[in-house]
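Right, one structure below, let's go through it.
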Amino acid sequence: MKKMIREKTRAALQVIAGSNELPSLEAVVVEEPRDPSHGHLATNAALALAKALGHKPRELADKIIGAISDPEGYISATTVAGPGFVNFKLSNKWWAKALSDIIAAGPDYGRKPLTGRKVQVEYVSANPTGPLHVGHGRGAAIGDALARILAFTGDEVVREYYINDAGRQMRILGASVLARAKELQGGTEEFPADHYRGEYIYDLAKEVLADKTLTPPNFWALPDEEKIPFLSQFAGQRILNGIKKDLEDFRAIQEVFFSETSLYEKGLVFKALSYLKETGRSFDKDGALWFNSAPLGDDKDRVLIKSDGEKTYLAADIAYHQDKFARGFDLVVDVWGADHHGYIPRMKAAVAALGYKPDQLGVVLVQLVSLLRGGQLVSMSTRAGEFVTLREVVAEVGVDAARFLFLTRGHESPLDFDLEVAKAQSRDNPVYYVQYVCARIYSLIQKSGFEPLKASLTKDGAPLLVEPEEVDLIRHLQTFPETVETAARRLEPHLLTAYLTGAARLFHQYYGRHRLIAEENEPLSRARIALAAAIRQVTVIGLNLLGVAAPERM
RNA sequence: GGGCGAUUAGCUCAGUUGGAUAGAGCGUUAGCCUCCGGAGCUAAAGGCCGUGCGUUCGAAUCGCACAUCGCCCA
């Protein structure tokens, strides 16, 4: 739509300029005016180019209108308005053609050809020290939807989960299980304050106590320091299996689970540190090894190996990212919790130090989720071990509602997630509002008995869909590819939930004002059912990109 | 103390290359079931886009200060 007008405007400007070279069209935009009375599209060409072409804006606008060529009859009116905007009204013939194109594209409407770009989306990546909670669910919904959107716009996408299984948290996990095991055996030691207190630790302790195959047979007689590494591994493995199941049930499939420990086992941390040393990006100071990140945009330099010889998380993360890029990804997207925002400059610096462009690392920061029930905050304290798990939330509201609601806000905005709203089967709940479009249209098509794909949208060359609501709907459907593309470029899947909610509103309004199946006028009914089918088609594509079901009946 | 982000209707928030009279949902108020699915629709009320200055034909959008809130770092 915009493309058509852009080309016609450009051609008109060329006519005006004659044999002279056209000035830069960079500042010229074609857009949809907010006020519908201004027409369907408007361009600021006359405002932007008045100076360069030596005309007053309004005079230039008149000249542009005079020079527009439209043999196809796609434009029904052109006007000059305000300081020199040129407004275009498109003809019903254009809208009929646009709708046919959308229907013809079918389930691939909005899909882009393969770009050849390889993209990795890493998301959730929670420490395997406890079950996933609601916040992880938001990260999962965003990461998974992003992966789907990027694949749809032509990238080759791999989804990955990074398992932080090497650090202090894992030792604490093992120690927590040990402490609970002792307790279950009648011990009276106080449970350490900084250990994991969740109920699941008891379950793990019981499981390991009941395990008769532990080696050596006198396992429980070993000193604590020898028991803890085993218990860490034992608990971590089981918790990770639970996480995998949670993600799978949430339809957030990860293709690769990458272990931090494996970085050390494969010598990748050593390799990365050697690389930094050879390229002069690291130095020794105060008995520690430092990454010289400040010249690369970080606030200050960062420690890689502490004076006690222990390597930092950053050292492992640099090795991990070096490995990611070595695997051939052109773009690496990390979905992180918002508390990691201070981490971005040093990772960008690391990417630069490794010889890649900082832009090749895209970081999506996901803000906090506040869980509410009927407007009241549900307390979530990890320290007390009482948090609401993703599994519990999904069991209560369902995968569709949870995923959709996690994607209703920009990822950088904190999100209030109200369990009562998520369960509501009414307009309050945007997921039902959108899904209802699919069910309602499916039912309409069944009832009509038409084959919408075969409907003709014109009769004797005259378009049948001429109501303002119909034009608004087609116009909205036309912007779908652009919306998907923007969501992909900006890594913002929430643009799609907003789009779908808008489409649903337009459809429900249309349905309320016009009968789609008008018995006395079959060609019109066929055209309207075809429009409805196109709306359903686009809604289904959109919901698929969000990983939300598009039901035929509800 | 330094850094990052936020501030738009009573509430929750959209609003990106700067564009004409700033949008939506919820809530409030008043309506719509002889009618294709009422999980819906129609309409009303509701705003100094945190404050001030600047940039220009033109600012919620860009810049600089300030205020308040949140997060990160020391």
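FYI, nothing fancy with the structure tokens labels: chains A, B, ... in order, residues from 1 per chain, ligands from 1 as they appear.
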Requested in this report: Give me the residues within 9 Å of region 73-85 of chain A as a PyMOL selection string, counting only C-alpha atoms (C1' of nucleotides) and dropping any in the same chain fewer than 2 places off.
Outcome: (chain A and resi 5+38-39+42-47+56-62+65+70-71+87-95) or (chain B and resi 20+57)
Requested in this report: Based on DSSP run over this structure's backbone, return all residues of region 87-324 of chain A in helix (DSSP H, G or I), as JSON, numbers by chain.
Outcome: {"A": [92, 93, 94, 95, 96, 97, 98, 99, 100, 101, 102, 103, 104, 105, 106, 107, 108, 134, 135, 136, 137, 138, 139, 140, 141, 142, 143, 144, 145, 146, 147, 148, 149, 150, 151, 152, 168, 169, 170, 171, 172, 173, 174, 175, 176, 177, 178, 179, 180, 181, 182, 183, 184, 199, 200, 201, 202, 203, 204, 205, 206, 207, 208, 209, 210, 219, 220, 221, 224, 225, 226, 227, 228, 229, 230, 231, 232, 233, 234, 235, 236, 237, 238, 239, 240, 241, 242, 243, 244, 245, 246, 247, 248, 249, 260, 261, 262, 263, 264, 265, 268, 269, 270, 271, 272, 273, 274, 275, 276, 277, 278, 294, 295, 296, 313, 314, 315, 316, 317, 318, 319, 320, 321, 322, 323, 324]}
Could you take the residues named above and write them with C-alpha atoms, as a short mmCIF file (atom, residue, chain, number, x, y, z; two decimals), in the first residue's frame?
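out-v6.cif written:
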```cif
data_model
loop_
_atom_site.label_atom_id
_atom_site.label_comp_id
_atom_site.auth_asym_id
_atom_site.auth_seq_id
_atom_site.Cartn_x
_atom_site.Cartn_y
_atom_site.Cartn_z
CA ASN A 92 -12.36 0.38 -3.48
CA LYS A 93 -10.77 -1.28 -6.47
CA TRP A 94 -7.42 -1.06 -4.73
CA TRP A 95 -8.83 -2.54 -1.53
CA ALA A 96 -10.41 -5.45 -3.41
CA LYS A 97 -7.09 -6.20 -5.06
CA ALA A 98 -5.27 -5.93 -1.74
CA LEU A 99 -7.63 -8.41 -0.11
CA SER A 100 -7.25 -10.90 -2.97
CA ASP A 101 -3.48 -10.71 -2.56
CA ILE A 102 -3.76 -11.44 1.16
CA ILE A 103 -6.05 -14.42 0.61
CA ALA A 104 -3.80 -15.74 -2.15
CA ALA A 105 -0.76 -15.65 0.16
CA GLY A 106 -2.53 -18.04 2.55
CA PRO A 107 -0.68 -19.22 5.64
CA ASP A 108 2.52 -17.64 4.30
CA VAL A 134 6.44 -16.76 36.82
CA GLY A 135 9.28 -14.43 35.87
CA HIS A 136 10.98 -17.24 33.97
CA GLY A 137 7.66 -17.85 32.27
CA ARG A 138 7.67 -14.35 30.87
CA GLY A 139 11.22 -14.85 29.61
CA ALA A 140 10.18 -18.14 28.05
CA ALA A 141 7.17 -16.61 26.30
CA ILE A 142 9.26 -13.73 24.96
CA GLY A 143 12.24 -15.83 23.91
CA ASP A 144 10.12 -18.47 22.23
CA ALA A 145 7.91 -15.94 20.43
CA LEU A 146 11.00 -14.07 19.24
CA ALA A 147 12.44 -17.28 17.85
CA ARG A 148 9.20 -17.98 15.98
CA ILE A 149 9.02 -14.43 14.62
CA LEU A 150 12.63 -14.38 13.47
CA ALA A 151 12.18 -17.72 11.73
CA PHE A 152 9.07 -16.39 10.00
CA ARG A 168 28.63 -21.30 44.01
CA GLN A 169 24.85 -21.62 43.66
CA MET A 170 25.19 -25.29 42.79
CA ARG A 171 27.33 -25.93 45.87
CA ILE A 172 24.66 -24.28 47.98
CA LEU A 173 22.05 -26.44 46.34
CA GLY A 174 23.99 -29.59 47.27
CA ALA A 175 24.53 -28.29 50.79
CA SER A 176 20.83 -27.51 51.10
CA VAL A 177 19.88 -31.05 50.16
CA LEU A 178 22.44 -32.38 52.61
CA ALA A 179 21.10 -30.19 55.41
CA ARG A 180 17.54 -31.36 54.78
CA ALA A 181 18.68 -34.98 54.57
CA LYS A 182 20.33 -34.68 57.96
CA GLU A 183 17.19 -33.10 59.32
CA LEU A 184 15.09 -35.96 58.01
CA GLU A 199 9.70 -27.66 49.70
CA TYR A 200 11.29 -29.32 46.69
CA ILE A 201 14.57 -29.57 48.63
CA TYR A 202 12.87 -31.98 51.04
CA ASP A 203 11.64 -34.03 48.10
CA LEU A 204 15.14 -34.24 46.71
CA ALA A 205 16.54 -35.15 50.12
CA LYS A 206 13.99 -37.93 50.51
CA GLU A 207 14.77 -39.22 47.06
CA VAL A 208 18.49 -39.35 47.65
CA LEU A 209 18.05 -40.93 51.06
CA ALA A 210 15.90 -43.64 49.54
CA PHE A 219 28.19 -42.69 50.97
CA TRP A 220 26.54 -41.20 54.04
CA ALA A 221 29.64 -41.85 56.09
CA ASP A 224 30.34 -33.48 54.00
CA GLU A 225 32.86 -31.93 51.62
CA GLU A 226 32.83 -35.12 49.58
CA LYS A 227 29.08 -35.57 49.70
CA ILE A 228 28.16 -32.08 48.54
CA PRO A 229 29.52 -32.25 44.96
CA PHE A 230 27.59 -35.44 44.38
CA LEU A 231 24.41 -34.03 45.90
CA SER A 232 24.76 -30.84 43.81
CA GLN A 233 24.97 -32.87 40.68
CA PHE A 234 22.18 -35.21 41.73
CA ALA A 235 19.80 -32.36 42.61
CA GLY A 236 20.80 -30.19 39.66
CA GLN A 237 20.10 -33.00 37.23
CA ARG A 238 16.65 -33.67 38.64
CA ILE A 239 15.72 -30.00 38.81
CA LEU A 240 16.90 -29.50 35.25
CA ASN A 241 14.72 -32.38 34.10
CA GLY A 242 11.80 -30.69 35.79
CA ILE A 243 12.63 -27.40 34.07
CA LYS A 244 12.77 -29.13 30.70
CA LYS A 245 9.36 -30.59 31.33
CA ASP A 246 7.99 -27.20 32.42
CA LEU A 247 9.29 -25.56 29.25
CA GLU A 248 7.97 -28.31 27.03
CA ASP A 249 4.51 -28.05 28.59
CA GLU A 260 28.62 -24.03 31.85
CA THR A 261 30.63 -26.94 33.24
CA SER A 262 31.26 -28.16 29.72
CA LEU A 263 32.99 -24.87 28.94
CA TYR A 264 35.66 -25.80 31.47
CA GLU A 265 35.76 -29.45 30.45
CA LEU A 268 36.91 -23.16 26.19
CA VAL A 269 37.43 -20.83 29.15
CA PHE A 270 41.16 -21.32 28.88
CA LYS A 271 40.92 -20.68 25.16
CA ALA A 272 38.97 -17.47 25.59
CA LEU A 273 41.33 -16.17 28.27
CA SER A 274 44.31 -16.99 26.07
CA TYR A 275 42.69 -15.14 23.19
CA LEU A 276 42.17 -12.04 25.31
CA LYS A 277 45.75 -12.21 26.52
CA GLU A 278 47.16 -12.60 23.01
CA ALA A 294 36.83 0.15 29.75
CA PRO A 295 38.20 1.24 26.34
CA LEU A 296 35.41 -0.80 24.71
CA TYR A 313 31.11 -15.73 35.80
CA LEU A 314 32.25 -13.18 33.27
CA ALA A 315 35.18 -15.36 32.23
CA ALA A 316 32.80 -18.22 31.55
CA ASP A 317 30.33 -15.95 29.78
CA ILE A 318 33.03 -14.62 27.49
CA ALA A 319 34.03 -18.17 26.62
CA TYR A 320 30.39 -19.04 26.06
CA HIS A 321 29.85 -16.15 23.68
CA GLN A 322 33.07 -16.90 21.84
CA ASP A 323 31.73 -20.38 21.32
CA LYS A 324 28.36 -19.05 20.14
#
```
Query raised in the report: CA of Ala488 (chain A) and CA of Thr9 (chain A) are how many Å apart?
Result: 28.4 Å
If the cut-off is 12 Å, can you tell me the residues of chain B near chain A, counting only C-alpha atoms (C1' of nucleotides)? I'd like them as a tab-separated table (two decimals) with N, CA and C atoms (P, O5', C5', C4', C3', O3' and C1' of nucleotides), in the first residue's frame.
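result.tsv written:
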```
chain	number	residue	atom	x	y	z
B	2	G	P	26.95	12.03	41.25
B	2	G	O5'	27.43	10.71	40.50
B	2	G	C5'	28.67	10.68	39.80
B	2	G	C4'	28.88	9.33	39.16
B	2	G	C3'	27.82	8.92	38.14
B	2	G	O3'	28.06	9.48	36.86
B	2	G	C1'	28.19	7.14	39.63
B	3	G	P	26.79	9.79	35.90
B	3	G	O5'	26.35	8.34	35.45
B	3	G	C5'	27.20	7.55	34.61
B	3	G	C4'	26.63	6.17	34.44
B	3	G	C3'	25.24	6.09	33.83
B	3	G	O3'	25.26	6.22	32.43
B	3	G	C1'	25.34	4.67	35.72
B	4	C	P	23.97	6.85	31.67
B	4	C	O5'	22.93	5.65	31.74
B	4	C	C5'	23.19	4.41	31.06
B	4	C	C4'	22.14	3.40	31.42
B	4	C	C3'	20.69	3.83	31.16
B	4	C	O3'	20.32	3.71	29.81
B	4	C	C1'	20.84	2.87	33.30
B	5	G	P	19.24	4.75	29.20
B	5	G	O5'	17.88	4.28	29.90
B	5	G	C5'	17.27	3.05	29.53
B	5	G	C4'	16.16	2.72	30.47
B	5	G	C3'	14.99	3.69	30.52
B	5	G	O3'	14.12	3.53	29.43
B	5	G	C1'	15.58	3.05	32.71
B	6	A	P	13.20	4.76	28.94
B	6	A	O5'	12.18	4.90	30.17
B	6	A	C5'	11.07	4.03	30.26
B	6	A	C4'	10.42	4.17	31.60
B	6	A	C3'	9.54	5.40	31.78
B	6	A	O3'	8.26	5.20	31.22
B	6	A	C1'	10.93	5.13	33.68
B	11	C	P	-4.36	7.13	38.48
B	11	C	O5'	-4.72	5.59	38.29
B	11	C	C5'	-4.83	4.73	39.41
B	11	C	C4'	-5.02	3.30	38.93
B	11	C	C3'	-3.98	2.82	37.94
B	11	C	O3'	-2.84	2.30	38.60
B	11	C	C1'	-6.13	2.36	37.08
B	12	U	P	-1.41	2.32	37.86
B	12	U	O5'	-1.61	1.26	36.69
B	12	U	C5'	-1.78	-0.11	36.98
B	12	U	C4'	-1.85	-0.91	35.70
B	12	U	C3'	-0.76	-0.57	34.69
B	12	U	O3'	0.46	-1.21	35.00
B	12	U	C1'	-2.86	-0.66	33.60
B	13	C	P	1.80	-0.65	34.37
B	13	C	O5'	1.34	-0.54	32.85
B	13	C	C5'	2.14	-0.01	31.85
B	13	C	C4'	1.37	-0.21	30.59
B	13	C	C3'	1.95	0.43	29.35
B	13	C	O3'	2.98	-0.39	28.81
B	13	C	C1'	-0.38	0.81	29.42
B	14	A	P	4.02	0.20	27.80
B	14	A	O5'	3.28	-0.05	26.42
B	14	A	C5'	2.77	1.02	25.73
B	14	A	C4'	2.09	0.57	24.49
B	14	A	C3'	2.61	1.29	23.25
B	14	A	O3'	3.63	0.56	22.62
B	14	A	C1'	0.30	1.65	23.47
B	15	G	P	5.04	1.26	22.37
B	15	G	O5'	4.68	2.54	21.50
B	15	G	C5'	4.09	2.38	20.22
B	15	G	C4'	3.47	3.68	19.79
B	15	G	C3'	4.39	4.89	19.81
B	15	G	O3'	5.24	4.95	18.69
B	15	G	C1'	2.34	5.46	20.82
B	16	U	P	6.69	5.52	18.80
B	16	U	O5'	7.37	5.61	17.38
B	16	U	C5'	8.02	6.80	16.98
B	16	U	C4'	9.19	6.41	16.12
B	16	U	C3'	8.88	5.32	15.10
B	16	U	O3'	9.54	5.58	13.86
B	16	U	C1'	10.63	4.62	16.55
B	17	U	P	8.83	6.58	12.87
B	17	U	O5'	9.93	7.72	13.06
B	17	U	C5'	10.88	7.53	14.12
B	17	U	C4'	12.27	7.47	13.54
B	17	U	C3'	12.78	8.78	12.96
B	17	U	O3'	13.11	9.69	13.99
B	17	U	C1'	13.47	6.99	11.61
B	18	G	P	12.74	11.23	13.79
B	18	G	O5'	11.17	11.37	13.98
B	18	G	C5'	10.59	11.20	15.25
B	18	G	C4'	9.58	12.28	15.48
B	18	G	C3'	8.60	12.46	14.33
B	18	G	O3'	7.32	12.78	14.87
B	18	G	C1'	9.71	14.48	14.76
B	19	G	P	6.01	12.05	14.38
B	19	G	O5'	5.17	13.21	13.72
B	19	G	C5'	4.26	13.96	14.51
B	19	G	C4'	3.41	14.84	13.64
B	19	G	C3'	2.42	14.08	12.77
B	19	G	O3'	1.19	14.81	12.76
B	19	G	C1'	3.78	15.49	11.44
B	20	A	P	0.19	14.65	14.03
B	20	A	O5'	-0.79	15.87	13.77
B	20	A	C5'	-0.39	17.20	14.07
B	20	A	C4'	-1.30	18.14	13.31
B	20	A	C3'	-2.78	17.88	13.56
B	20	A	O3'	-3.48	19.12	13.51
B	20	A	C1'	-2.30	17.62	11.27
B	21	U	P	-3.64	19.98	14.82
B	21	U	O5'	-4.66	19.15	15.72
B	21	U	C5'	-4.97	19.63	17.01
B	21	U	C4'	-5.96	18.70	17.67
B	21	U	C3'	-5.57	17.22	17.67
B	21	U	O3'	-6.04	16.62	18.87
B	21	U	C1'	-7.66	17.48	16.63
B	22	A	P	-5.14	16.33	20.08
B	22	A	O5'	-5.00	14.75	19.95
B	22	A	C5'	-4.14	14.16	18.98
B	22	A	C4'	-3.51	12.92	19.55
B	22	A	C3'	-4.51	11.99	20.24
B	22	A	O3'	-4.94	11.05	19.28
B	22	A	C1'	-2.60	12.34	21.62
B	23	G	P	-6.51	10.94	18.97
B	23	G	O5'	-6.78	9.39	18.97
B	23	G	C5'	-7.12	8.74	20.17
B	23	G	C4'	-6.52	7.38	20.16
B	23	G	C3'	-7.21	6.39	21.08
B	23	G	O3'	-8.30	5.77	20.42
B	23	G	C1'	-4.89	6.34	21.48
B	24	A	P	-9.57	5.32	21.29
B	24	A	O5'	-9.04	3.97	21.96
B	24	A	C5'	-8.78	2.85	21.13
B	24	A	C4'	-8.16	1.73	21.92
B	24	A	C3'	-8.93	1.27	23.15
B	24	A	O3'	-10.01	0.44	22.80
B	24	A	C1'	-6.63	1.44	23.67
B	25	G	P	-11.29	0.35	23.73
B	25	G	O5'	-10.76	-0.56	24.93
B	25	G	C5'	-10.47	-1.94	24.70
B	25	G	C4'	-9.81	-2.53	25.92
B	25	G	C3'	-10.58	-2.35	27.22
B	25	G	O3'	-11.60	-3.32	27.37
B	25	G	C1'	-8.34	-1.73	27.57
B	26	C	P	-12.91	-2.96	28.16
B	26	C	O5'	-12.39	-2.88	29.66
B	26	C	C5'	-11.86	-4.03	30.31
B	26	C	C4'	-11.25	-3.64	31.65
B	26	C	C3'	-12.21	-2.93	32.60
B	26	C	O3'	-13.01	-3.84	33.32
B	26	C	C1'	-10.17	-1.74	32.51
B	27	G	P	-14.55	-3.49	33.60
B	27	G	O5'	-14.41	-2.22	34.54
B	27	G	C5'	-13.89	-2.35	35.86
B	27	G	C4'	-13.76	-1.00	36.50
B	27	G	C3'	-15.03	-0.14	36.44
B	27	G	O3'	-15.94	-0.47	37.47
B	27	G	C1'	-13.19	1.15	35.74
B	32	C	P	-31.94	-1.05	26.29
B	32	C	O5'	-31.20	-1.79	25.08
B	32	C	C5'	-31.27	-1.24	23.78
B	32	C	C4'	-30.47	-2.09	22.82
B	32	C	C3'	-30.69	-3.59	22.92
B	32	C	O3'	-31.88	-3.96	22.23
B	32	C	C1'	-28.38	-3.12	22.73
B	35	C	P	-34.03	-14.26	17.29
B	35	C	O5'	-32.94	-13.53	16.40
B	35	C	C5'	-33.04	-13.56	14.99
B	35	C	C4'	-31.88	-12.79	14.42
B	35	C	C3'	-30.54	-13.08	15.10
B	35	C	O3'	-29.95	-14.26	14.58
B	35	C	C1'	-30.84	-10.75	14.87
B	36	C	P	-28.86	-15.02	15.44
B	36	C	O5'	-27.71	-15.07	14.36
B	36	C	C5'	-27.86	-15.95	13.24
B	36	C	C4'	-26.57	-16.13	12.54
B	36	C	C3'	-25.33	-16.29	13.42
B	36	C	O3'	-25.20	-17.64	13.84
B	36	C	C1'	-24.88	-14.90	11.53
B	37	G	P	-23.86	-18.12	14.64
B	37	G	O5'	-23.70	-17.12	15.87
B	37	G	C5'	-24.67	-17.01	16.86
B	37	G	C4'	-23.96	-16.76	18.16
B	37	G	C3'	-23.09	-15.52	18.16
B	37	G	O3'	-23.16	-14.90	19.45
B	37	G	C1'	-21.79	-17.41	18.73
B	38	G	P	-23.66	-13.36	19.57
B	38	G	O5'	-23.36	-12.97	21.08
B	38	G	C5'	-22.03	-12.98	21.57
B	38	G	C4'	-22.05	-12.68	23.05
B	38	G	C3'	-22.88	-13.65	23.86
B	38	G	O3'	-22.28	-13.86	25.13
B	38	G	C1'	-23.69	-11.46	24.15
B	39	A	P	-21.22	-14.96	25.29
B	39	A	O5'	-19.85	-14.17	25.26
B	39	A	C5'	-19.49	-13.33	26.33
B	39	A	C4'	-17.98	-13.19	26.35
B	39	A	C3'	-17.42	-12.65	25.04
B	39	A	O3'	-16.22	-11.93	25.31
B	39	A	C1'	-16.61	-14.83	25.42
B	40	G	P	-16.28	-10.35	25.38
B	40	G	O5'	-17.13	-9.96	24.09
B	40	G	C5'	-16.57	-10.10	22.79
B	40	G	C4'	-17.60	-9.72	21.76
B	40	G	C3'	-17.96	-8.25	21.71
B	40	G	O3'	-17.04	-7.50	20.96
B	40	G	C1'	-19.94	-9.52	21.77
B	41	C	P	-16.77	-5.98	21.28
B	41	C	O5'	-18.10	-5.32	20.73
B	41	C	C5'	-18.36	-5.29	19.33
B	41	C	C4'	-19.71	-4.70	19.10
B	41	C	C3'	-19.85	-3.23	19.46
B	41	C	O3'	-19.37	-2.38	18.43
B	41	C	C1'	-21.67	-4.42	20.36
B	42	U	P	-18.81	-0.96	18.79
B	42	U	O5'	-20.13	-0.15	19.13
B	42	U	C5'	-21.12	0.07	18.13
B	42	U	C4'	-22.19	0.96	18.68
B	42	U	C3'	-21.69	2.25	19.32
B	42	U	O3'	-21.45	3.25	18.34
B	42	U	C1'	-23.29	1.24	20.73
B	57	C	P	12.93	25.83	10.13
B	57	C	O5'	11.40	25.93	10.57
B	57	C	C5'	10.67	27.16	10.47
B	57	C	C4'	9.20	26.85	10.40
B	57	C	C3'	8.69	25.97	11.53
B	57	C	O3'	8.35	26.73	12.66
B	57	C	C1'	7.93	25.11	9.45
B	58	G	P	8.77	26.24	14.10
B	58	G	O5'	7.96	24.86	14.24
B	58	G	C5'	6.56	24.93	14.51
B	58	G	C4'	6.01	23.54	14.65
B	58	G	C3'	6.84	22.57	15.49
B	58	G	O3'	6.86	22.90	16.88
B	58	G	C1'	6.21	21.49	13.50
B	70	G	P	11.43	3.59	44.97
B	70	G	O5'	11.86	2.67	43.75
B	70	G	C5'	10.97	1.68	43.25
B	70	G	C4'	11.53	1.08	41.99
B	70	G	C3'	12.92	0.47	42.11
B	70	G	O3'	12.90	-0.81	42.70
B	70	G	C1'	12.78	1.77	40.14
B	71	C	P	14.18	-1.32	43.51
B	71	C	O5'	15.21	-1.70	42.35
B	71	C	C5'	14.97	-2.81	41.50
B	71	C	C4'	15.95	-2.79	40.35
B	71	C	C3'	17.42	-2.88	40.73
B	71	C	O3'	17.83	-4.21	41.01
B	71	C	C1'	17.13	-1.16	39.14
B	72	C	P	19.05	-4.46	41.98
B	72	C	O5'	20.30	-4.04	41.09
B	72	C	C5'	20.69	-4.82	39.97
B	72	C	C4'	21.80	-4.12	39.22
B	72	C	C3'	23.07	-3.86	40.00
B	72	C	O3'	23.90	-5.01	40.06
B	72	C	C1'	22.46	-1.89	38.86
B	73	C	P	24.79	-5.23	41.37
B	73	C	O5'	25.92	-4.12	41.21
B	73	C	C5'	26.85	-4.18	40.14
B	73	C	C4'	27.68	-2.92	40.09
B	73	C	C3'	28.49	-2.59	41.34
B	73	C	O3'	29.68	-3.35	41.41
B	73	C	C1'	27.41	-0.63	40.56
B	74	A	P	30.33	-3.64	42.88
B	74	A	O5'	30.82	-2.20	43.35
B	74	A	C5'	32.07	-1.72	42.90
B	74	A	C4'	32.20	-0.25	43.27
B	74	A	C3'	32.79	-0.04	44.68
B	74	A	O3'	34.15	0.30	44.59
B	74	A	C1'	30.77	1.24	44.36
```
Report task. Could you tell me how far CA of Lys8 (chain A) lies from CA of Ile64 (chain A), in Å and to one decimal? Result -> 9.7 Å
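CA of Val158 (chain A) is found 6.4 Å from CA of Val119 (chain A).
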Report task. Please report, as a PyMOL selection string, each residue of region 151-301 of chain A to which DSSP assigns strand (DSSP E) when run on this structure's backbone. Result -> chain A and resi 156-163+256-259+282-285+288-291
Dump N, CA and C atoms for the selected residues as a compact mmCIF listing (two decimals), in the first residue's frame?
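Output saved as selection30.txt:
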```
# COMPACT_ATOMS: atom_id res chain seq x y z
N GLU A 156 17.53 -18.21 10.12
CA GLU A 156 17.68 -19.58 10.57
C GLU A 156 17.93 -19.51 12.08
N VAL A 157 16.99 -20.02 12.87
CA VAL A 157 17.01 -19.75 14.31
C VAL A 157 17.29 -21.02 15.12
N VAL A 158 18.16 -20.89 16.11
CA VAL A 158 18.39 -21.96 17.07
C VAL A 158 18.10 -21.41 18.46
N ARG A 159 17.33 -22.18 19.24
CA ARG A 159 17.02 -21.73 20.61
C ARG A 159 17.90 -22.50 21.59
N GLU A 160 18.35 -21.81 22.59
CA GLU A 160 19.31 -22.45 23.50
C GLU A 160 19.08 -22.03 24.95
N TYR A 161 19.46 -22.93 25.83
CA TYR A 161 19.34 -22.71 27.27
C TYR A 161 20.73 -22.90 27.85
N TYR A 162 21.20 -21.92 28.59
CA TYR A 162 22.53 -21.98 29.20
C TYR A 162 22.35 -22.42 30.64
N ILE A 163 23.00 -23.52 30.99
CA ILE A 163 22.84 -24.06 32.34
C ILE A 163 24.00 -23.59 33.20
N VAL A 256 18.88 -26.68 22.24
CA VAL A 256 20.20 -26.96 22.80
C VAL A 256 20.21 -26.58 24.28
N PHE A 257 20.71 -27.49 25.10
CA PHE A 257 20.97 -27.16 26.50
C PHE A 257 22.48 -27.15 26.68
N PHE A 258 23.02 -25.99 26.97
CA PHE A 258 24.48 -25.82 26.98
C PHE A 258 24.96 -25.66 28.41
N SER A 259 25.85 -26.54 28.82
CA SER A 259 26.28 -26.55 30.21
C SER A 259 27.52 -25.68 30.44
N SER A 282 43.76 -8.27 28.15
CA SER A 282 43.74 -8.59 29.57
C SER A 282 45.09 -8.22 30.19
N PHE A 283 45.09 -8.03 31.49
CA PHE A 283 46.33 -7.67 32.18
C PHE A 283 46.27 -8.15 33.63
N ASP A 284 47.44 -8.27 34.26
CA ASP A 284 47.52 -8.69 35.67
C ASP A 284 47.60 -7.47 36.56
N LYS A 285 46.87 -7.53 37.66
CA LYS A 285 46.95 -6.44 38.63
C LYS A 285 46.45 -6.96 39.97
N ALA A 288 45.26 -10.46 40.42
CA ALA A 288 44.12 -10.95 39.65
C ALA A 288 44.36 -10.70 38.17
N LEU A 289 43.57 -11.41 37.34
CA LEU A 289 43.63 -11.17 35.91
C LEU A 289 42.41 -10.33 35.51
N TRP A 290 42.65 -9.25 34.77
CA TRP A 290 41.58 -8.31 34.44
C TRP A 290 41.31 -8.27 32.94
N PHE A 291 40.05 -8.02 32.62
CA PHE A 291 39.63 -7.77 31.23
C PHE A 291 39.63 -6.26 31.04
```
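Excluding Asp298 (chain A) itself and same-chain residues fewer than 3 positions from it, the residues having an atom within 8 Å of it are Ser293, Ala294, Pro295, Asp301, Pro345, Arg346 and Ala349 of chain A, counting only C-alpha atoms (C1' of nucleotides).
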